[in-house]
>>> print(open('data_1.cif').read())   # mmCIF, C-alpha atoms (C1' of nucleotides)
data_start
loop_
_atom_site.label_atom_id
_atom_site.label_comp_id
_atom_site.auth_asym_id
_atom_site.auth_seq_id
_atom_site.Cartn_x
_atom_site.Cartn_y
_atom_site.Cartn_z
CA MET A 1015 -19.58 -4.34 -3.88
CA LYS A 1016 -19.31 -3.44 -0.24
CA ARG A 1017 -15.84 -2.56 0.89
CA ILE A 1018 -14.49 -4.30 3.98
CA ASN A 1019 -12.23 -3.10 6.74
CA THR A 1020 -9.24 -5.34 6.28
CA THR A 1021 -7.72 -4.14 9.52
CA HIS A 1022 -10.60 -5.85 11.36
CA PHE A 1023 -9.46 -9.22 10.10
CA ALA A 1024 -5.80 -8.52 10.65
CA ILE A 1025 -6.65 -7.76 14.27
CA LEU A 1026 -8.77 -10.88 14.65
CA GLY A 1027 -6.00 -12.96 13.13
CA LEU A 1028 -3.27 -11.64 15.38
CA LEU A 1029 -5.43 -11.78 18.52
CA ARG A 1030 -6.32 -15.38 17.78
CA MET A 1031 -2.63 -16.24 17.77
CA GLN A 1032 -2.13 -14.45 21.07
CA PRO A 1033 -4.31 -12.11 23.16
CA MET A 1034 -2.73 -8.65 23.23
CA SER A 1035 -3.26 -4.99 23.95
CA ALA A 1036 -3.63 -2.46 21.15
CA TYR A 1037 -0.10 -1.26 21.71
CA GLU A 1038 1.27 -4.77 21.56
CA LEU A 1039 -0.74 -5.44 18.41
CA VAL A 1040 0.92 -2.57 16.59
CA LYS A 1041 4.34 -3.55 17.84
CA PHE A 1042 3.89 -7.22 17.01
CA SER A 1043 2.58 -6.52 13.54
CA LYS A 1044 5.49 -4.17 12.82
CA GLU A 1045 8.01 -6.76 13.91
CA SER A 1046 6.50 -9.87 12.39
CA ILE A 1047 4.58 -8.92 9.25
CA GLY A 1048 5.77 -5.35 8.75
CA LEU A 1049 7.46 -6.16 5.47
CA PHE A 1050 4.18 -6.97 3.73
CA TRP A 1051 1.50 -5.49 5.95
CA ASN A 1052 1.24 -1.96 7.36
CA GLU A 1053 -1.04 -0.83 10.11
CA SER A 1054 -1.35 2.48 11.97
CA TYR A 1055 -2.17 2.85 15.61
CA GLY A 1056 -5.07 5.21 15.02
CA HIS A 1057 -6.82 2.75 12.76
CA ILE A 1058 -6.10 -0.25 14.98
CA HIS A 1059 -7.49 1.56 17.98
CA LYS A 1060 -10.70 2.57 16.24
CA SER A 1061 -11.13 -0.90 14.79
CA ILE A 1062 -10.70 -2.63 18.13
CA LYS A 1063 -13.44 -0.47 19.61
CA GLN A 1064 -15.74 -1.40 16.75
CA LEU A 1065 -14.91 -5.08 17.04
CA GLU A 1066 -15.56 -4.94 20.76
CA GLN A 1067 -18.94 -3.29 20.23
CA GLU A 1068 -20.06 -5.91 17.74
CA GLY A 1069 -18.84 -8.67 20.03
CA SER A 1070 -15.99 -10.05 17.93
CA VAL A 1071 -13.28 -9.29 20.44
CA THR A 1072 -13.57 -9.02 24.20
CA VAL A 1073 -11.54 -7.65 27.08
CA ILE A 1074 -9.64 -10.52 28.63
CA GLU A 1075 -7.74 -8.62 31.25
CA GLU A 1076 -7.67 -5.02 32.35
CA SER A 1077 -5.10 -3.86 34.84
CA GLU A 1078 -6.62 -1.40 37.27
CA THR A 1079 -3.42 -0.85 39.20
CA GLY A 1080 -0.27 0.76 37.88
CA ARG A 1081 0.00 1.44 34.16
CA ARG A 1082 -3.20 0.95 32.26
CA LYS A 1083 -3.34 -2.00 29.93
CA ILE A 1084 -6.28 -3.63 28.16
CA VAL A 1085 -5.70 -7.10 26.77
CA TYR A 1086 -8.12 -8.24 24.08
CA GLY A 1087 -9.00 -11.69 22.84
CA VAL A 1088 -11.17 -13.10 20.04
CA THR A 1089 -14.67 -14.38 20.72
CA GLU A 1090 -16.33 -17.35 19.05
CA GLN A 1091 -18.09 -14.94 16.71
CA GLY A 1092 -14.79 -13.28 15.84
CA CYS A 1093 -13.27 -16.65 15.05
CA GLN A 1094 -16.07 -17.40 12.65
CA GLN A 1095 -15.70 -14.04 10.94
CA LEU A 1096 -12.00 -14.62 10.54
CA ASP A 1097 -12.49 -18.09 9.10
CA SER A 1098 -15.05 -16.88 6.61
CA TRP A 1099 -12.68 -14.08 5.54
CA LEU A 1100 -9.95 -16.66 5.00
CA MET A 1101 -12.27 -18.55 2.65
CA GLN A 1102 -12.49 -15.53 0.35
CA ALA A 1103 -9.88 -14.92 -2.33
CA PRO A 1104 -7.47 -12.13 -1.33
CA GLU A 1105 -7.59 -8.70 -2.92
CA GLU A 1106 -4.69 -7.66 -5.10
CA SER A 1107 -1.82 -6.36 -3.04
CA THR A 1108 -1.18 -2.63 -3.00
CA MET A 1109 2.13 -0.86 -2.63
CA ARG A 1110 3.49 2.66 -2.47
CA ASN A 1111 7.20 2.76 -3.02
CA GLU A 1112 8.23 6.39 -2.95
CA LEU A 1113 11.82 5.63 -3.90
CA LEU A 1114 10.76 4.03 -7.16
CA MET A 1115 8.23 6.77 -7.81
CA LYS A 1116 10.96 9.37 -7.43
CA ILE A 1117 13.26 7.50 -9.75
CA PHE A 1118 10.47 7.29 -12.30
CA VAL A 1119 9.71 11.02 -12.41
CA ALA A 1120 13.29 12.22 -11.86
CA ASP A 1121 15.73 13.25 -14.55
CA GLU A 1122 19.47 13.55 -14.94
CA ARG A 1123 19.73 16.50 -12.55
CA HIS A 1124 18.51 14.41 -9.59
CA ILE A 1125 20.85 11.47 -9.97
CA PRO A 1126 23.24 12.44 -7.13
CA GLN A 1127 20.30 12.57 -4.73
CA LEU A 1128 18.85 9.33 -6.06
CA LEU A 1129 22.16 7.60 -5.41
CA THR A 1130 22.03 8.53 -1.74
CA TYR A 1131 18.43 7.31 -1.48
CA ILE A 1132 19.37 3.98 -3.02
CA GLU A 1133 22.34 3.61 -0.70
CA GLN A 1134 20.05 4.30 2.24
CA GLU A 1135 17.60 1.67 1.03
CA LEU A 1136 20.42 -0.83 0.67
CA ALA A 1137 21.58 -0.12 4.22
CA THR A 1138 18.06 -0.59 5.58
CA CYS A 1139 17.73 -3.95 3.85
CA HIS A 1140 21.04 -5.11 5.23
CA GLN A 1141 19.88 -4.17 8.71
CA LEU A 1142 16.59 -6.05 8.35
CA ARG A 1143 18.07 -9.32 7.19
CA PRO A 1144 19.47 -10.51 10.53
CA LEU A 1145 16.13 -9.67 12.16
CA LEU A 1146 14.39 -12.14 9.87
CA THR A 1147 17.00 -14.76 10.64
CA GLY A 1148 16.29 -14.24 14.31
CA ILE A 1149 12.56 -14.66 13.88
CA LYS A 1150 13.14 -17.77 11.80
CA ALA A 1151 15.19 -19.31 14.59
CA SER A 1152 12.34 -18.72 17.02
CA ILE A 1153 9.81 -20.73 14.98
CA PRO A 1154 9.65 -24.41 15.93
CA GLN A 1155 11.15 -26.47 13.10
CA ASP A 1156 8.76 -29.32 13.75
CA GLN A 1157 7.54 -29.73 10.17
CA GLY A 1158 4.01 -28.98 11.36
CA LYS A 1159 1.73 -27.29 8.88
CA GLN A 1160 1.20 -24.28 11.12
CA ALA A 1161 4.92 -23.60 11.35
CA GLN A 1162 5.20 -24.09 7.60
CA LEU A 1163 2.74 -21.27 6.99
CA TRP A 1164 4.69 -18.89 9.17
CA LEU A 1165 7.93 -19.92 7.53
CA LEU A 1166 6.39 -19.24 4.14
CA THR A 1167 5.69 -15.61 5.00
CA LEU A 1168 9.18 -15.29 6.44
CA ASP A 1169 10.61 -16.82 3.31
CA TYR A 1170 8.77 -14.21 1.30
CA GLY A 1171 10.37 -11.51 3.41
CA GLU A 1172 13.82 -12.96 2.87
CA ARG A 1173 13.31 -13.20 -0.88
CA TYR A 1174 11.94 -9.67 -0.93
CA LEU A 1175 14.98 -8.28 0.88
CA ARG A 1176 17.41 -10.24 -1.27
CA MET A 1177 15.69 -9.05 -4.44
CA THR A 1178 15.75 -5.43 -3.26
CA ILE A 1179 19.41 -5.63 -2.30
CA GLU A 1180 20.31 -7.01 -5.71
CA TRP A 1181 18.29 -4.33 -7.44
CA CYS A 1182 19.93 -1.58 -5.36
CA GLU A 1183 23.37 -2.87 -6.23
CA HIS A 1184 22.44 -3.00 -9.87
CA ALA A 1185 21.06 0.54 -9.72
CA LEU A 1186 24.15 1.95 -8.00
CA GLN A 1187 26.40 0.34 -10.55
CA LEU A 1188 24.34 1.61 -13.47
CA LEU A 1189 23.92 5.18 -12.26
CA ASN A 1190 27.52 5.53 -11.18
CA GLN A 1191 28.93 4.71 -14.55
CA PRO A 1192 29.72 7.67 -16.85
CA ASP A 1193 27.08 8.90 -19.27
CA ARG A 1194 26.53 6.97 -22.51
CA GLY A 1195 28.63 4.13 -21.24
CA GLU A 1196 31.77 4.78 -23.34
CA LYS A 1197 31.25 1.82 -25.58
CA ASN A 1198 34.58 0.40 -26.64
CA GLY A 1199 34.83 -1.73 -29.80
CA MET B 1421 5.85 16.85 11.19
CA LYS B 1422 3.33 17.91 8.61
CA ARG B 1423 2.11 15.10 6.44
CA ILE B 1424 2.20 15.61 2.71
CA ASN B 1425 -0.11 14.49 -0.03
CA THR B 1426 2.12 12.21 -2.06
CA THR B 1427 -0.48 11.93 -4.77
CA HIS B 1428 0.12 15.61 -5.54
CA PHE B 1429 3.70 14.91 -6.52
CA ALA B 1430 2.86 11.74 -8.39
CA ILE B 1431 0.46 13.79 -10.48
CA LEU B 1432 2.99 16.56 -11.07
CA GLY B 1433 5.60 14.01 -12.07
CA LEU B 1434 3.39 12.20 -14.55
CA LEU B 1435 1.98 15.41 -16.01
CA ARG B 1436 5.49 16.76 -16.53
CA MET B 1437 6.29 13.71 -18.61
CA GLN B 1438 3.16 14.19 -20.67
CA PRO B 1439 0.06 16.40 -20.29
CA MET B 1440 -2.99 14.24 -19.66
CA SER B 1441 -6.57 14.12 -18.45
CA ALA B 1442 -7.43 12.69 -15.04
CA TYR B 1443 -8.70 9.54 -16.65
CA GLU B 1444 -5.53 9.11 -18.66
CA LEU B 1445 -3.45 9.73 -15.54
CA VAL B 1446 -5.08 6.84 -13.72
CA LYS B 1447 -4.77 4.58 -16.73
CA PHE B 1448 -1.17 5.52 -17.40
CA SER B 1449 -0.14 5.08 -13.78
CA LYS B 1450 -1.82 1.68 -13.66
CA GLU B 1451 -0.03 0.53 -16.76
CA SER B 1452 3.41 1.95 -16.14
CA ILE B 1453 4.04 2.12 -12.40
CA GLY B 1454 1.15 0.03 -11.11
CA LEU B 1455 3.46 -2.62 -9.70
CA PHE B 1456 4.93 -0.26 -7.11
CA TRP B 1457 2.53 2.66 -6.97
CA ASN B 1458 -1.24 2.64 -6.48
CA GLU B 1459 -3.58 5.52 -7.07
CA SER B 1460 -7.35 5.76 -6.99
CA TYR B 1461 -9.45 7.90 -9.26
CA GLY B 1462 -11.25 9.64 -6.43
CA HIS B 1463 -8.06 10.84 -4.87
CA ILE B 1464 -6.46 11.85 -8.18
CA HIS B 1465 -9.52 13.87 -9.08
CA LYS B 1466 -9.61 15.73 -5.80
CA SER B 1467 -5.88 16.34 -5.89
CA ILE B 1468 -5.93 17.75 -9.43
CA LYS B 1469 -8.59 20.25 -8.39
CA GLN B 1470 -6.43 21.33 -5.45
CA LEU B 1471 -3.32 21.57 -7.60
CA GLU B 1472 -5.24 23.64 -10.14
CA GLN B 1473 -6.48 26.00 -7.43
CA GLU B 1474 -3.00 26.60 -6.06
CA GLY B 1475 -1.65 27.12 -9.55
CA SER B 1476 0.58 24.06 -9.84
CA VAL B 1477 -1.25 22.53 -12.77
CA THR B 1478 -3.29 24.25 -15.44
CA VAL B 1479 -5.85 23.32 -18.05
CA ILE B 1480 -4.04 22.98 -21.35
CA GLU B 1481 -6.94 21.90 -23.50
CA GLU B 1482 -10.63 21.43 -22.87
CA SER B 1483 -12.77 19.87 -25.55
CA GLU B 1484 -16.14 21.61 -25.72
CA THR B 1485 -17.49 19.43 -28.50
CA GLY B 1486 -18.24 15.74 -28.24
CA ARG B 1487 -17.05 13.82 -25.19
CA ARG B 1488 -15.74 16.02 -22.44
CA LYS B 1489 -12.06 15.90 -21.78
CA ILE B 1490 -9.81 18.18 -19.71
CA VAL B 1491 -6.09 17.93 -20.36
CA TYR B 1492 -3.85 19.22 -17.58
CA GLY B 1493 -0.22 20.32 -17.65
CA VAL B 1494 2.32 21.42 -15.03
CA THR B 1495 3.08 25.08 -14.43
CA GLU B 1496 6.48 26.55 -13.58
CA GLN B 1497 5.45 26.57 -9.92
CA GLY B 1498 4.44 22.92 -10.13
CA CYS B 1499 7.81 22.04 -11.61
CA GLN B 1500 9.59 23.71 -8.74
CA GLN B 1501 7.43 21.90 -6.19
CA LEU B 1502 8.18 18.60 -7.87
CA ASP B 1503 11.92 19.26 -7.94
CA SER B 1504 12.02 20.20 -4.29
CA TRP B 1505 10.09 17.00 -3.44
CA LEU B 1506 12.65 15.00 -5.39
CA MET B 1507 15.40 16.50 -3.24
CA GLN B 1508 13.84 15.03 -0.09
CA ALA B 1509 14.61 11.49 1.00
CA PRO B 1510 11.72 9.12 0.21
CA GLU B 1511 9.46 7.77 2.93
CA GLU B 1512 9.61 4.06 3.67
CA SER B 1513 7.52 2.07 1.24
CA THR B 1514 4.23 0.65 2.43
CA MET B 1515 2.54 -2.52 1.32
CA ARG B 1516 -0.61 -4.46 1.99
CA ASN B 1517 -0.39 -7.98 0.72
CA GLU B 1518 -3.60 -9.72 1.67
CA LEU B 1519 -2.42 -13.09 0.38
CA LEU B 1520 0.52 -13.12 2.77
CA MET B 1521 -1.62 -11.82 5.60
CA LYS B 1522 -4.06 -14.67 5.08
CA ILE B 1523 -1.27 -17.21 5.01
CA PHE B 1524 0.08 -15.76 8.24
CA VAL B 1525 -3.15 -16.02 10.21
CA ALA B 1526 -4.43 -19.23 8.59
CA ASP B 1527 -4.02 -22.72 9.94
CA GLU B 1528 -4.03 -26.24 8.58
CA ARG B 1529 -7.76 -26.18 7.83
CA HIS B 1530 -7.34 -23.40 5.25
CA ILE B 1531 -4.54 -24.92 3.21
CA PRO B 1532 -6.71 -26.09 0.29
CA GLN B 1533 -8.02 -22.54 -0.14
CA LEU B 1534 -4.55 -21.05 0.25
CA LEU B 1535 -3.30 -23.28 -2.53
CA THR B 1536 -5.86 -21.88 -4.94
CA TYR B 1537 -4.95 -18.32 -3.94
CA ILE B 1538 -1.27 -18.98 -4.57
CA GLU B 1539 -2.02 -20.55 -7.93
CA GLN B 1540 -4.05 -17.48 -8.83
CA GLU B 1541 -1.19 -15.21 -7.82
CA LEU B 1542 1.21 -17.24 -9.91
CA ALA B 1543 -1.07 -16.98 -12.93
CA THR B 1544 -1.35 -13.20 -12.51
CA CYS B 1545 2.42 -12.83 -12.39
CA HIS B 1546 2.82 -14.92 -15.53
CA GLN B 1547 0.33 -12.67 -17.28
CA LEU B 1548 2.11 -9.48 -16.21
CA ARG B 1549 5.56 -10.49 -17.35
CA PRO B 1550 5.05 -10.07 -21.10
CA LEU B 1551 3.50 -6.67 -20.46
CA LEU B 1552 6.73 -5.47 -18.86
CA THR B 1553 8.70 -6.83 -21.78
CA GLY B 1554 6.48 -4.82 -24.09
CA ILE B 1555 7.03 -1.62 -22.16
CA LYS B 1556 10.75 -2.25 -22.10
CA ALA B 1557 10.81 -2.54 -25.86
CA SER B 1558 9.10 0.83 -26.17
CA ILE B 1559 11.80 2.67 -24.21
CA PRO B 1560 14.58 4.07 -26.40
CA GLN B 1561 17.76 2.09 -25.73
CA ASP B 1562 19.92 5.14 -26.28
CA GLN B 1563 21.96 4.84 -23.08
CA GLY B 1564 20.68 8.28 -22.04
CA LYS B 1565 20.34 8.84 -18.30
CA GLN B 1566 16.62 9.52 -18.56
CA ALA B 1567 15.98 6.19 -20.25
CA GLN B 1568 18.19 4.51 -17.66
CA LEU B 1569 15.97 5.75 -14.86
CA TRP B 1570 12.85 4.36 -16.49
CA LEU B 1571 14.61 1.09 -17.19
CA LEU B 1572 15.58 0.88 -13.53
CA THR B 1573 11.96 0.99 -12.38
CA LEU B 1574 11.06 -1.56 -15.03
CA ASP B 1575 13.92 -3.75 -13.90
CA TYR B 1576 12.54 -3.59 -10.39
CA GLY B 1577 9.18 -4.74 -11.69
CA GLU B 1578 10.76 -7.66 -13.50
CA ARG B 1579 12.74 -8.71 -10.44
CA TYR B 1580 9.65 -8.37 -8.28
CA LEU B 1581 7.62 -10.61 -10.56
CA ARG B 1582 10.39 -13.16 -10.84
CA MET B 1583 10.81 -13.23 -7.07
CA THR B 1584 7.07 -13.65 -6.53
CA ILE B 1585 6.84 -16.43 -9.10
CA GLU B 1586 9.68 -18.32 -7.45
CA TRP B 1587 8.12 -17.88 -4.03
CA CYS B 1588 4.74 -19.12 -5.30
CA GLU B 1589 6.33 -22.21 -6.80
CA HIS B 1590 8.17 -22.87 -3.56
CA ALA B 1591 4.96 -22.41 -1.57
CA LEU B 1592 2.95 -24.74 -3.80
CA GLN B 1593 5.61 -27.41 -3.55
CA LEU B 1594 5.84 -27.09 0.22
CA LEU B 1595 2.11 -27.07 0.95
CA ASN B 1596 1.35 -29.88 -1.45
CA GLN B 1597 3.70 -32.33 0.18
CA PRO B 1598 2.22 -34.67 2.82
CA ASP B 1599 2.24 -33.63 6.45
CA ARG B 1600 5.43 -33.97 8.47
CA GLY B 1601 7.43 -34.65 5.35
CA GLU B 1602 7.93 -38.39 5.95
CA LYS B 1603 11.53 -38.10 6.98
CA ASN B 1604 13.43 -41.21 6.00
CA GLY B 1605 16.59 -42.11 7.95
"C1'" DC C 400 -29.31 -1.86 -38.43
"C1'" DC C 401 -30.16 -1.69 -33.83
"C1'" DG C 402 -29.46 -3.20 -29.07
"C1'" DT C 403 -26.04 -4.52 -25.85
"C1'" DT C 404 -21.74 -4.20 -24.04
"C1'" DA C 405 -17.18 -2.19 -23.39
"C1'" DA C 406 -14.27 1.79 -23.16
"C1'" DT C 407 -13.61 6.72 -22.25
"C1'" DG C 408 -14.48 10.50 -19.47
"C1'" DT C 409 -15.90 13.71 -15.25
"C1'" DA C 410 -17.83 14.30 -10.63
"C1'" DT C 411 -19.12 13.08 -5.93
"C1'" DC C 412 -19.60 10.54 -1.65
"C1'" DT C 413 -18.43 7.43 2.01
"C1'" DT C 414 -15.37 4.64 4.33
"C1'" DT C 415 -10.80 3.02 5.24
"C1'" DA C 416 -6.18 3.98 6.46
"C1'" DA C 417 -2.28 6.87 7.94
"C1'" DG C 418 -0.12 9.29 11.19
"C1'" DA C 419 0.44 13.40 14.19
"C1'" DT C 420 -0.28 14.61 18.75
"C1'" DA C 421 -1.75 14.74 23.65
"C1'" DT C 422 -1.43 12.53 27.96
"C1'" DA C 423 0.11 9.45 31.56
"C1'" DT C 424 2.88 5.80 33.85
"C1'" DA C 425 6.81 2.80 34.44
"C1'" DA C 426 11.60 1.51 33.53
"C1'" DT C 427 16.28 2.79 32.54
"C1'" DT C 428 20.36 5.29 32.83
"C1'" DG C 429 23.90 8.94 33.55
"C1'" DC D 97 17.32 11.86 41.25
"C1'" DA D 98 16.57 14.23 36.85
"C1'" DA D 99 16.26 13.13 32.09
"C1'" DT D 100 15.27 10.06 28.76
"C1'" DT D 101 13.17 6.01 26.72
"C1'" DA D 102 9.57 2.50 26.40
"C1'" DT D 103 4.88 1.31 27.34
"C1'" DA D 104 0.16 2.44 27.02
"C1'" DT D 105 -4.55 4.70 25.67
"C1'" DA D 106 -7.28 8.21 23.26
"C1'" DT D 107 -8.41 11.58 19.76
"C1'" DC D 108 -8.21 14.36 15.63
"C1'" DT D 109 -7.21 15.52 10.93
"C1'" DT D 110 -5.88 14.42 6.48
"C1'" DA D 111 -4.74 11.09 2.85
"C1'" DA D 112 -6.16 7.36 0.16
"C1'" DA D 113 -9.36 3.84 -1.57
"C1'" DG D 114 -13.00 2.73 -4.08
"C1'" DA D 115 -18.02 2.60 -4.97
"C1'" DT D 116 -21.22 4.82 -7.71
"C1'" DA D 117 -23.62 8.03 -10.80
"C1'" DC D 118 -23.80 9.97 -15.14
"C1'" DA D 119 -22.74 10.92 -20.06
"C1'" DT D 120 -20.61 10.00 -24.60
"C1'" DT D 121 -18.45 7.18 -28.06
"C1'" DA D 122 -16.70 2.85 -30.06
"C1'" DA D 123 -17.23 -2.01 -30.94
"C1'" DC D 124 -19.61 -6.10 -31.65
"C1'" DG D 125 -23.14 -9.63 -32.45
"C1'" DG D 126 -27.63 -11.24 -33.90
#
>>> encode(input="data_1.cif", output="structure tokens")
Amino acid sequence: MKRINTTHFAILGLLRMQPMSAYELVKFSKESIGLFWNESYGHIHKSIKQLEQEGSVTVIEESETGRRKIVYGVTEQGCQQLDSWLMQAPEESTMRNELLMKIFVADERHIPQLLTYIEQELATCHQLRPLLTGIKASIPQDQGKQAQLWLLTLDYGERYLRMTIEWCEHALQLLNQPDRGEKNG
Amino acid sequence: MKRINTTHFAILGLLRMQPMSAYELVKFSKESIGLFWNESYGHIHKSIKQLEQEGSVTVIEESETGRRKIVYGVTEQGCQQLDSWLMQAPEESTMRNELLMKIFVADERHIPQLLTYIEQELATCHQLRPLLTGIKASIPQDQGKQAQLWLLTLDYGERYLRMTIEWCEHALQLLNQPDRGEKNG
DNA sequence: CCGTTAATGTATCTTTAAGATATATAATTG
DNA sequence: CAATTATATATCTTAAAGATACATTAACGG
């Protein structure tokens, strides 16, 4: 089974929504789909060059004056590639959650540290929530199918944050209580 | 900022819980922490060799007869490395959820396919749930702090599955309803 | 009982992905 | 107007994924 460069299709997908520069691509993906999709600039940059060479994206606009900026768009061929990727069942999602990994391999000695990590995580989630609300407000509530798809991914983000917040609160409560729980009859 | 090989510490952490072979490491990590931590055999293998060379893990048992098997354990030095890693705040978690990515870049034409993907995801979650219950039952409910930490990661897994199941059901309901929702005044 | 398949196990190779860093220009701000 | 921050491309190294090869043992069906 040949492995595929998933970043290629992420790029095609985002550029089809809106032509952008590499820098804007990274920024946009961080802000819109960052909760469930991570990309690095190095990989995006390399991938764009490859996509350009094979004719799947093309330079739409290149500013010669002032600050350099190269805006890319998707070609007909790129559109077809993207559509055929969308017709294939998605791979299983992958995740690397270092906080949970640390909790898993830690022991009693590390609990004070773990508590600060969990509090930090909780704070981060609370900060992210209003951002999602803002994005939600910017999507046209016109009941169109396209908007529904975007709202679905946003809804996932909201559920994900809510779930994480609840788990953090549960964890703080559990780890803060005295050892062996002082069961009272 | 020097980047670190997180896999190194994952290996040290798992081997400290229980000496294992590389094969068993991959299997164990898939079965116990697979929901929030992904590892590949290739990387584990390479990392173990490096850890062995720098003296952080050591061969505990090597079967000469029959099927080859090399069981590794953590050295004193490895323990110290692991502990100092645990004292550092965790990096932000990363995720690549291809299903959500596809939903994000898809349009109306792809909805029938998306529905099958979501149904598949739902089925997978329903299959995983009893597995978690089984693991939970195998953890001693002795109120000890160590068991609490394991239960916390399991609890995260359960919440994650529940959240995903609910989102899938919501998505199926939303995408199955007729276009524009036939608003009735 | 034997052939096929599935599971256990190590080793290696290539490609994908992450992310640090260098460099340069424009905008912002004290 | 100097210092900082945001925008922007390019490159390099390392981490991580995962495909594949190879060998042994267990399990299973005809």
>>> resolve_selection(input="data_1.cif", expression="the PyMOL selection byres ((chain B) within 7 of (chain A))", output="PyMOL selection string")
chain B and resi 1433-1434+1456-1458+1506-1507+1509-1511+1513-1520+1522-1525+1527-1528+1533+1537+1563-1566+1569-1570+1572-1573+1576+1579+1583+1587+1591+1599-1601
>>> closest_atom_pairs(input="data_1.cif", of="chain B", to="chain C", cutoff="10 Å", atoms="all atoms listed in the file", output="JSON lines")
{"residue": "B:Met1421", "atom": "CA", "partner": "C:DA419", "partner_atom": "C1'", "distance": 7.1}
{"residue": "B:Lys1422", "atom": "CA", "partner": "C:DA419", "partner_atom": "C1'", "distance": 7.7}
{"residue": "B:Arg1423", "atom": "CA", "partner": "C:DG418", "partner_atom": "C1'", "distance": 7.8}
{"residue": "B:Ser1441", "atom": "CA", "partner": "C:DG408", "partner_atom": "C1'", "distance": 8.8}
{"residue": "B:Ala1442", "atom": "CA", "partner": "C:DT409", "partner_atom": "C1'", "distance": 8.5}
{"residue": "B:Tyr1443", "atom": "CA", "partner": "C:DG408", "partner_atom": "C1'", "distance": 6.5}
{"residue": "B:Glu1444", "atom": "CA", "partner": "C:DG408", "partner_atom": "C1'", "distance": 9.1}
{"residue": "B:Gly1462", "atom": "CA", "partner": "C:DT411", "partner_atom": "C1'", "distance": 8.6}
{"residue": "B:His1465", "atom": "CA", "partner": "C:DA410", "partner_atom": "C1'", "distance": 8.5}
{"residue": "B:Lys1466", "atom": "CA", "partner": "C:DA410", "partner_atom": "C1'", "distance": 9.6}
{"residue": "B:Arg1487", "atom": "CA", "partner": "C:DG408", "partner_atom": "C1'", "distance": 7.1}
{"residue": "B:Arg1488", "atom": "CA", "partner": "C:DG408", "partner_atom": "C1'", "distance": 6.4}
{"residue": "B:Lys1489", "atom": "CA", "partner": "C:DG408", "partner_atom": "C1'", "distance": 6.4}
{"residue": "B:Ile1490", "atom": "CA", "partner": "C:DT409", "partner_atom": "C1'", "distance": 8.8}
>>> interface_residues(input="data_1.cif", of="chain B", to="chain D", cutoff="7 Å", atoms="all atoms listed in the file", output="number ranges by chain")
B: 1425, 1460, 1463, 1487
>>> write_last_selection(input="data_1.cif", atoms="C-alpha atoms", output="PDB file, in the coordinates of the input")
ATOM      1  CA  ASN B1425      -0.110  14.490  -0.030  1.00  0.00           C
ATOM      2  CA  SER B1460      -7.350   5.760  -6.990  1.00  0.00           C
ATOM      3  CA  HIS B1463      -8.060  10.840  -4.870  1.00  0.00           C
ATOM      4  CA  ARG B1487     -17.050  13.820 -25.190  1.00  0.00           C
TER       5      ARG B1487
END
>>> atom_distance(input="data_1.cif", atom1="atom CA of B:Cys1545", atom2="atom CA of A:Gln1187")
27.4 Å
>>> axis_aligned_box(input="data_1.cif", around="stretch 1504-1508 of chain B", padding_each_side="8 Å", output="AutoDock Vina command-line options")
--center_x 12.7 --center_y 17.6 --center_z -2.7 --size_x 21.3 --size_y 21.2 --size_z 21.3
>>> resolve_selection(input="data_1.cif", expression="the PyMOL selection byres ((chain A and resi 1066) around 12)", output="VMD selection string")
chain A and resid 1022 1025 to 1026 1059 to 1065 1067 to 1074 1084 to 1089 1091 to 1092
>>> atom_distance(input="data_1.cif", atom1="atom CA of A:Lys1150", atom2="atom CA of B:Gly1577")
27.2 Å
>>> atom_distance(input="data_1.cif", atom1="atom CA of A:Gln1155", atom2="atom CA of A:Glu1172")
17.2 Å
